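Enquirer: Structure file entry12.cif, mmCIF, N, CA and C atoms and all ligand atoms, is pasted below:
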data_data
loop_
_atom_site.label_atom_id
_atom_site.label_comp_id
_atom_site.auth_asym_id
_atom_site.auth_seq_id
_atom_site.Cartn_x
_atom_site.Cartn_y
_atom_site.Cartn_z
N MET A 28 143.51 -111.31 -71.25
CA MET A 28 143.36 -110.91 -72.65
C MET A 28 141.93 -110.47 -72.91
N PRO A 29 141.74 -109.27 -73.49
CA PRO A 29 140.38 -108.83 -73.81
C PRO A 29 139.77 -109.72 -74.90
N ILE A 30 138.53 -110.11 -74.68
CA ILE A 30 137.81 -110.96 -75.63
C ILE A 30 136.57 -110.20 -76.11
N VAL A 31 136.55 -109.92 -77.39
CA VAL A 31 135.51 -109.08 -77.99
C VAL A 31 134.33 -109.94 -78.43
N THR A 32 133.15 -109.55 -77.98
CA THR A 32 131.94 -110.30 -78.34
C THR A 32 130.98 -109.48 -79.19
N HIS A 33 131.10 -108.15 -79.15
CA HIS A 33 130.17 -107.28 -79.89
C HIS A 33 130.95 -106.14 -80.54
N VAL A 34 130.40 -105.61 -81.62
CA VAL A 34 131.03 -104.47 -82.29
C VAL A 34 129.98 -103.38 -82.56
N ARG A 35 130.45 -102.15 -82.58
CA ARG A 35 129.60 -101.02 -82.98
C ARG A 35 130.14 -100.50 -84.30
N LYS A 36 129.25 -100.41 -85.29
CA LYS A 36 129.68 -99.95 -86.62
C LYS A 36 129.13 -98.57 -86.90
N GLU A 37 129.84 -97.84 -87.74
CA GLU A 37 129.37 -96.54 -88.20
C GLU A 37 129.65 -96.46 -89.69
N SER A 38 128.86 -95.66 -90.39
CA SER A 38 129.05 -95.52 -91.83
C SER A 38 130.32 -94.75 -92.13
N SER A 39 131.00 -95.15 -93.20
CA SER A 39 132.14 -94.38 -93.67
C SER A 39 131.64 -93.02 -94.14
N SER A 40 132.54 -92.05 -94.28
CA SER A 40 132.11 -90.68 -94.58
C SER A 40 131.35 -90.61 -95.90
N ASP A 41 131.69 -91.48 -96.85
CA ASP A 41 130.96 -91.45 -98.13
C ASP A 41 129.77 -92.41 -98.15
N GLY A 42 129.54 -93.09 -97.03
CA GLY A 42 128.38 -93.97 -96.93
C GLY A 42 128.48 -95.28 -97.68
N SER A 43 129.67 -95.58 -98.24
CA SER A 43 129.78 -96.78 -99.08
C SER A 43 129.96 -98.05 -98.27
N HIS A 44 130.43 -97.95 -97.05
CA HIS A 44 130.62 -99.15 -96.22
C HIS A 44 130.63 -98.75 -94.76
N LYS A 45 130.77 -99.75 -93.91
CA LYS A 45 130.74 -99.51 -92.46
C LYS A 45 132.14 -99.65 -91.87
N HIS A 46 132.37 -98.90 -90.82
CA HIS A 46 133.60 -99.03 -90.06
C HIS A 46 133.31 -99.58 -88.68
N ILE A 47 134.24 -100.34 -88.15
CA ILE A 47 134.15 -100.75 -86.76
C ILE A 47 134.58 -99.56 -85.92
N ALA A 48 133.65 -99.01 -85.18
CA ALA A 48 133.94 -97.82 -84.39
C ALA A 48 134.38 -98.18 -82.98
N ALA A 49 133.78 -99.23 -82.42
CA ALA A 49 134.05 -99.62 -81.05
C ALA A 49 133.75 -101.10 -80.88
N VAL A 50 134.28 -101.65 -79.81
CA VAL A 50 134.05 -103.06 -79.50
C VAL A 50 133.65 -103.19 -78.04
N LYS A 51 133.00 -104.30 -77.71
CA LYS A 51 132.65 -104.59 -76.32
C LYS A 51 133.20 -105.97 -75.96
N THR A 52 133.74 -106.06 -74.76
CA THR A 52 134.38 -107.31 -74.34
C THR A 52 133.49 -108.13 -73.41
N THR A 53 133.96 -109.34 -73.13
CA THR A 53 133.23 -110.22 -72.20
C THR A 53 133.10 -109.58 -70.82
N ALA A 54 134.02 -108.64 -70.50
CA ALA A 54 133.95 -107.95 -69.21
C ALA A 54 132.93 -106.82 -69.24
N GLY A 55 132.29 -106.60 -70.41
CA GLY A 55 131.29 -105.55 -70.52
C GLY A 55 131.88 -104.17 -70.73
N VAL A 56 133.17 -104.12 -71.05
CA VAL A 56 133.85 -102.84 -71.25
C VAL A 56 133.86 -102.49 -72.74
N THR A 57 133.62 -101.22 -73.03
CA THR A 57 133.63 -100.72 -74.40
C THR A 57 134.96 -100.03 -74.69
N TYR A 58 135.53 -100.33 -75.84
CA TYR A 58 136.77 -99.69 -76.27
C TYR A 58 136.56 -99.15 -77.68
N THR A 59 137.12 -97.96 -77.94
CA THR A 59 137.09 -97.45 -79.31
C THR A 59 138.11 -98.22 -80.13
N ARG A 60 137.97 -98.13 -81.45
CA ARG A 60 138.96 -98.80 -82.31
C ARG A 60 140.36 -98.28 -82.01
N ALA A 61 140.50 -96.98 -81.77
CA ALA A 61 141.82 -96.40 -81.47
C ALA A 61 142.39 -96.99 -80.19
N GLU A 62 141.54 -97.24 -79.20
CA GLU A 62 142.02 -97.84 -77.95
C GLU A 62 142.49 -99.27 -78.16
N VAL A 63 141.78 -100.00 -79.02
CA VAL A 63 142.21 -101.37 -79.32
C VAL A 63 143.58 -101.34 -80.02
N VAL A 64 143.73 -100.44 -80.98
CA VAL A 64 145.00 -100.32 -81.70
C VAL A 64 146.13 -99.97 -80.72
N ALA A 65 145.88 -99.03 -79.82
CA ALA A 65 146.91 -98.63 -78.86
C ALA A 65 147.33 -99.81 -78.00
N SER A 66 146.36 -100.64 -77.62
CA SER A 66 146.66 -101.82 -76.81
C SER A 66 147.47 -102.83 -77.62
N LEU A 67 147.07 -103.05 -78.87
CA LEU A 67 147.82 -103.97 -79.74
C LEU A 67 149.26 -103.47 -79.90
N ASP A 68 149.41 -102.15 -80.03
CA ASP A 68 150.76 -101.56 -80.17
C ASP A 68 151.61 -101.80 -78.92
N ARG A 69 150.94 -101.93 -77.77
CA ARG A 69 151.68 -102.22 -76.53
C ARG A 69 152.00 -103.70 -76.41
N GLY A 70 151.57 -104.49 -77.39
CA GLY A 70 151.89 -105.91 -77.39
C GLY A 70 150.85 -106.78 -76.72
N GLU A 71 149.70 -106.20 -76.40
CA GLU A 71 148.64 -106.99 -75.77
C GLU A 71 147.86 -107.76 -76.84
N ASP A 72 147.40 -108.93 -76.46
CA ASP A 72 146.66 -109.79 -77.38
C ASP A 72 145.16 -109.57 -77.21
N TRP A 73 144.48 -109.54 -78.34
CA TRP A 73 143.02 -109.41 -78.36
C TRP A 73 142.46 -110.54 -79.21
N GLN A 74 141.29 -110.99 -78.86
CA GLN A 74 140.63 -111.96 -79.71
C GLN A 74 139.12 -111.75 -79.68
N THR A 75 138.47 -112.35 -80.67
CA THR A 75 137.01 -112.32 -80.70
C THR A 75 136.48 -113.64 -80.17
N LYS A 76 135.21 -113.64 -79.79
CA LYS A 76 134.55 -114.89 -79.45
C LYS A 76 133.11 -114.79 -79.91
N ALA A 77 132.73 -115.71 -80.79
CA ALA A 77 131.36 -115.75 -81.30
C ALA A 77 130.49 -116.57 -80.36
N ALA A 78 129.19 -116.45 -80.55
CA ALA A 78 128.25 -117.22 -79.72
C ALA A 78 128.52 -118.72 -79.82
N SER A 79 129.03 -119.15 -80.98
CA SER A 79 129.33 -120.57 -81.21
C SER A 79 130.53 -121.04 -80.39
N GLY A 80 131.31 -120.08 -79.87
CA GLY A 80 132.54 -120.43 -79.17
C GLY A 80 133.78 -120.25 -80.03
N HIS A 81 133.60 -120.10 -81.34
CA HIS A 81 134.75 -119.86 -82.21
C HIS A 81 135.42 -118.55 -81.83
N SER A 82 136.73 -118.52 -81.96
CA SER A 82 137.43 -117.28 -81.66
C SER A 82 138.52 -117.05 -82.68
N ALA A 83 138.92 -115.80 -82.81
CA ALA A 83 139.97 -115.43 -83.76
C ALA A 83 140.79 -114.29 -83.17
N LYS A 84 142.05 -114.26 -83.56
CA LYS A 84 142.95 -113.22 -83.08
C LYS A 84 142.68 -111.92 -83.83
N ILE A 85 142.73 -110.81 -83.11
CA ILE A 85 142.56 -109.49 -83.73
C ILE A 85 143.93 -108.91 -84.03
N GLU A 86 144.06 -108.35 -85.22
CA GLU A 86 145.34 -107.75 -85.60
C GLU A 86 145.12 -106.36 -86.18
N LYS A 87 146.20 -105.59 -86.10
CA LYS A 87 146.17 -104.22 -86.62
C LYS A 87 146.54 -104.24 -88.09
N ILE A 88 145.85 -103.46 -88.89
CA ILE A 88 146.25 -103.26 -90.28
C ILE A 88 146.31 -101.76 -90.54
N LYS A 89 147.03 -101.39 -91.60
CA LYS A 89 147.26 -99.96 -91.81
C LYS A 89 145.99 -99.23 -92.22
N PHE A 90 145.27 -99.79 -93.19
CA PHE A 90 144.09 -99.09 -93.70
C PHE A 90 142.86 -99.97 -93.63
N CYS A 91 141.72 -99.31 -93.54
CA CYS A 91 140.44 -100.00 -93.69
C CYS A 91 140.47 -100.79 -95.00
N PRO A 92 139.97 -102.04 -94.99
CA PRO A 92 139.98 -102.83 -96.23
C PRO A 92 138.97 -102.35 -97.28
N GLY A 93 138.12 -101.37 -96.96
CA GLY A 93 137.18 -100.85 -97.94
C GLY A 93 137.92 -100.29 -99.15
N SER A 94 137.36 -100.50 -100.32
CA SER A 94 138.03 -100.10 -101.56
C SER A 94 138.33 -98.61 -101.55
N GLY A 95 139.62 -98.26 -101.69
CA GLY A 95 140.03 -96.86 -101.76
C GLY A 95 139.92 -96.11 -100.46
N CYS A 96 139.60 -96.80 -99.37
CA CYS A 96 139.40 -96.12 -98.09
C CYS A 96 140.74 -95.93 -97.38
N LEU A 97 140.96 -94.71 -96.89
CA LEU A 97 142.25 -94.39 -96.26
C LEU A 97 142.13 -94.22 -94.75
N VAL A 98 141.02 -94.69 -94.18
CA VAL A 98 140.90 -94.61 -92.72
C VAL A 98 141.99 -95.49 -92.09
N THR A 99 142.75 -94.91 -91.18
CA THR A 99 143.88 -95.60 -90.58
C THR A 99 144.06 -95.16 -89.13
N PRO A 100 144.58 -96.02 -88.26
CA PRO A 100 144.79 -97.44 -88.46
C PRO A 100 143.48 -98.20 -88.33
N TYR A 101 143.54 -99.50 -88.65
CA TYR A 101 142.31 -100.28 -88.64
C TYR A 101 142.61 -101.64 -88.00
N ILE A 102 141.56 -102.39 -87.72
CA ILE A 102 141.74 -103.72 -87.12
C ILE A 102 140.94 -104.74 -87.92
N ARG A 103 141.41 -105.98 -87.86
CA ARG A 103 140.67 -107.07 -88.51
C ARG A 103 140.97 -108.35 -87.73
N THR A 104 140.20 -109.36 -88.04
CA THR A 104 140.48 -110.65 -87.43
C THR A 104 141.34 -111.47 -88.38
N ASN A 105 142.26 -112.19 -87.79
CA ASN A 105 143.09 -113.12 -88.55
C ASN A 105 142.16 -114.14 -89.20
N ARG A 106 142.34 -114.41 -90.49
CA ARG A 106 141.44 -115.34 -91.18
C ARG A 106 141.60 -116.75 -90.62
N ASP A 107 140.47 -117.35 -90.30
CA ASP A 107 140.48 -118.76 -89.93
C ASP A 107 139.34 -119.43 -90.70
N LYS A 108 139.05 -120.67 -90.36
CA LYS A 108 138.05 -121.38 -91.17
C LYS A 108 136.62 -121.02 -90.82
N TYR A 109 136.44 -120.20 -89.81
CA TYR A 109 135.08 -119.82 -89.42
C TYR A 109 134.81 -118.37 -89.80
N ALA A 110 133.57 -118.08 -90.13
CA ALA A 110 133.20 -116.70 -90.45
C ALA A 110 132.54 -116.00 -89.28
N ASP A 111 131.93 -116.78 -88.38
CA ASP A 111 131.13 -116.12 -87.35
C ASP A 111 131.97 -115.41 -86.29
N ASP A 112 133.26 -115.70 -86.27
CA ASP A 112 134.12 -115.01 -85.29
C ASP A 112 134.86 -113.82 -85.92
N ASN A 113 134.53 -113.49 -87.17
CA ASN A 113 135.11 -112.29 -87.78
C ASN A 113 134.51 -111.05 -87.11
N LEU A 114 135.33 -110.05 -86.92
CA LEU A 114 134.85 -108.82 -86.29
C LEU A 114 133.57 -108.31 -86.97
N ASP A 115 133.56 -108.35 -88.30
CA ASP A 115 132.41 -107.81 -89.03
C ASP A 115 131.13 -108.60 -88.79
N ASN A 116 131.25 -109.82 -88.34
CA ASN A 116 130.07 -110.67 -88.17
C ASN A 116 129.60 -110.79 -86.73
N LEU A 117 130.29 -110.16 -85.80
CA LEU A 117 129.84 -110.21 -84.40
C LEU A 117 128.58 -109.37 -84.24
N PRO A 118 127.75 -109.70 -83.26
CA PRO A 118 126.54 -108.90 -83.06
C PRO A 118 126.87 -107.46 -82.66
N SER A 119 125.93 -106.57 -82.96
CA SER A 119 126.10 -105.16 -82.64
C SER A 119 125.70 -104.88 -81.19
N PHE A 120 126.18 -103.75 -80.70
CA PHE A 120 125.74 -103.30 -79.37
C PHE A 120 125.46 -101.81 -79.42
ZN ZN B 201 136.72 -97.64 -94.67
#
How does the structure come out when it is put into structure tokens?
Ligand SMILES: [Zn+2]
Expert:
Amino acid sequence: MPIVTHVRKESSSDGSHKHIAAVKTTAGVTYTRAEVVASLDRGEDWQTKAASGHSAKIEKIKFCPGSGCLVTPYIRTNRDKYADDNLDNLPSF
């Protein structure tokens, strides 16, 4: 199972928020968001892992959660009691 430790963000086209453009795994491999979605669609499991050791499952959602944003498809972490394992809070690469 790919385990994501870092994310690369890019500004949305209107500059109002950031998008997760790519992720990096414990194996040191970089995947675009579209590649992660394609893998999730094939039924593969993905999760995050924070420096603390906390981890969360990654899931596909239809649209970016940004207000009024129609970027699709998108990914997010399943909500758990920790914040540091959220995709948005992982360190950048
Ligand atoms: Zn967006």
Enquirer: Quick one, how far is atom C of A:Ala83 from atom C of A:Arg106?
Expert: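 The value is 7.9 Å.
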Enquirer: So which residues touch A:Ser79 within 8 Å, counting all atoms listed in the file, skipping near sequence neighbours fewer than 2 positions away, as a JSON list (two decimals) with N, CA and C atoms, in the frame of the given file?
Expert:
[["chain", "number", "residue", "atom", "x", "y", "z"],
["A", 76, "LYS", "N", 135.21, -113.64, -79.79],
["A", 76, "LYS", "CA", 134.55, -114.89, -79.45],
["A", 76, "LYS", "C", 133.11, -114.79, -79.91],
["A", 77, "ALA", "N", 132.73, -115.71, -80.79],
["A", 77, "ALA", "CA", 131.36, -115.75, -81.30],
["A", 77, "ALA", "C", 130.49, -116.57, -80.36],
["A", 81, "HIS", "N", 133.60, -120.10, -81.34],
["A", 81, "HIS", "CA", 134.75, -119.86, -82.21],
["A", 81, "HIS", "C", 135.42, -118.55, -81.83],
["A", 82, "SER", "N", 136.73, -118.52, -81.96],
["A", 82, "SER", "CA", 137.43, -117.28, -81.66],
["A", 82, "SER", "C", 138.52, -117.05, -82.68],
["A", 111, "ASP", "N", 131.93, -116.78, -88.38],
["A", 111, "ASP", "CA", 131.13, -116.12, -87.35],
["A", 111, "ASP", "C", 131.97, -115.41, -86.29],
["A", 112, "ASP", "N", 133.26, -115.70, -86.27],
["A", 112, "ASP", "CA", 134.12, -115.01, -85.29],
["A", 112, "ASP", "C", 134.86, -113.82, -85.92]]
Enquirer: Which residues are close to A:Leu117, i.e. within 6.5 Å by only N, CA and C atoms, leaving aside same-chain residues fewer than 2 positions away? Reply as a VMD selection string.
Expert: chain A and resid 32 to 34 111 to 115 119
Enquirer: Throw together the list of residues within 6.5 Å of ligand ZN 201 (chain B), counting all atoms listed in the file, and drop it here as a PyMOL selection string.
Expert: chain A and resi 39+44-46+91-94+96-98
Enquirer: Just give me the gap between atom N of A:Lys84 and atom N of A:Ser38 in Å, one decimal is fine.
Expert: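 Interatomic distance here is 23.8 Å.
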Enquirer: Need the neighbours of (143.2, -96.3, -85.6): which residues are at most 6 Å away, counting all atoms listed in the file, as a PDB file with N, CA and C atoms, keeping the file's coordinate frame?
Expert:
ATOM      1  N   ARG A  60     137.970 -98.130 -81.450  1.00  0.00           N
ATOM      2  CA  ARG A  60     138.960 -98.800 -82.310  1.00  0.00           C
ATOM      3  C   ARG A  60     140.360 -98.280 -82.010  1.00  0.00           C
ATOM      4  N   ALA A  61     140.500 -96.980 -81.770  1.00  0.00           N
ATOM      5  CA  ALA A  61     141.820 -96.400 -81.470  1.00  0.00           C
ATOM      6  C   ALA A  61     142.390 -96.990 -80.190  1.00  0.00           C
ATOM      7  N   VAL A  64     143.730-100.440 -80.980  1.00  0.00           N
ATOM      8  CA  VAL A  64     145.000-100.320 -81.700  1.00  0.00           C
ATOM      9  C   VAL A  64     146.130 -99.970 -80.720  1.00  0.00           C
ATOM     10  N   THR A  99     142.750 -94.910 -91.180  1.00  0.00           N
ATOM     11  CA  THR A  99     143.880 -95.600 -90.580  1.00  0.00           C
ATOM     12  C   THR A  99     144.060 -95.160 -89.130  1.00  0.00           C
ATOM     13  N   PRO A 100     144.580 -96.020 -88.260  1.00  0.00           N
ATOM     14  CA  PRO A 100     144.790 -97.440 -88.460  1.00  0.00           C
ATOM     15  C   PRO A 100     143.480 -98.200 -88.330  1.00  0.00           C
ATOM     16  N   TYR A 101     143.540 -99.500 -88.650  1.00  0.00           N
ATOM     17  CA  TYR A 101     142.310-100.280 -88.640  1.00  0.00           C
ATOM     18  C   TYR A 101     142.610-101.640 -88.000  1.00  0.00           C
TER      19      TYR A 101
END
Enquirer: Can you tell me, as an mmCIF file with N, CA and C atoms, in the coordinates of the input, which residues sit within 7 Å of (147.1, -103.7, -91.2) in the file's frame, using only C-alpha atoms?
Expert:
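The file below, point32.cif, is the result:
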data_model
loop_
_atom_site.group_PDB
_atom_site.id
_atom_site.type_symbol
_atom_site.label_atom_id
_atom_site.label_comp_id
_atom_site.auth_asym_id
_atom_site.auth_seq_id
_atom_site.Cartn_x
_atom_site.Cartn_y
_atom_site.Cartn_z
ATOM 1 N N LYS A 87 146.200 -105.590 -86.100
ATOM 2 C CA LYS A 87 146.170 -104.220 -86.620
ATOM 3 C C LYS A 87 146.540 -104.240 -88.090
ATOM 4 N N ILE A 88 145.850 -103.460 -88.890
ATOM 5 C CA ILE A 88 146.250 -103.260 -90.280
ATOM 6 C C ILE A 88 146.310 -101.760 -90.540
ATOM 7 N N LYS A 89 147.030 -101.390 -91.600
ATOM 8 C CA LYS A 89 147.260 -99.960 -91.810
ATOM 9 C C LYS A 89 145.990 -99.230 -92.220
ATOM 10 N N PHE A 90 145.270 -99.790 -93.190
ATOM 11 C CA PHE A 90 144.090 -99.090 -93.700
ATOM 12 C C PHE A 90 142.860 -99.970 -93.630
ATOM 13 N N TYR A 101 143.540 -99.500 -88.650
ATOM 14 C CA TYR A 101 142.310 -100.280 -88.640
ATOM 15 C C TYR A 101 142.610 -101.640 -88.000
ATOM 16 N N ILE A 102 141.560 -102.390 -87.720
ATOM 17 C CA ILE A 102 141.740 -103.720 -87.120
ATOM 18 C C ILE A 102 140.940 -104.740 -87.920
#
Enquirer: DSSP on the backbone, alpha helix (DSSP H) only: what residues of stretch 55-94 of chain A does that give? Format it as a PyMOL selection string.
Expert: chain A and resi 60-68
Enquirer: Do you have the atom CA of A:Glu71-atom CA of A:Ile85 distance handy?
Expert: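 It comes out at 10.3 Å.
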Enquirer: Using backbone DSSP assignments, extract all strand (DSSP E or B) residues from chain A; output them as a PyMOL selection string.
Expert: chain A and resi 30-38+45-52+57-59+74-76+82-88+101-104+119
Enquirer: Which residue out of A:Met28, A:Ala54, A:Ile47, A:Ala110 has the minimum interatomic distance to A:Asp72 when only N, CA and C atoms are used?
Expert: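 Smallest separation from A:Asp72 among the options: A:Met28.
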Enquirer: Taking into account only C-alpha atoms, which residue in the set A:Pro29, A:Gly95, A:Gly80, A:Gly70 is nearest to A:Lys51?
Expert: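 When distances to A:Lys51 are compared using only C-alpha atoms, the smallest one comes from A:Pro29.
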Enquirer: Taking only C-alpha atoms into account, which of A:Ile30, A:Thr59, A:Thr52, A:Phe120 comes nearest A:Trp73?
Expert: A:Ile30
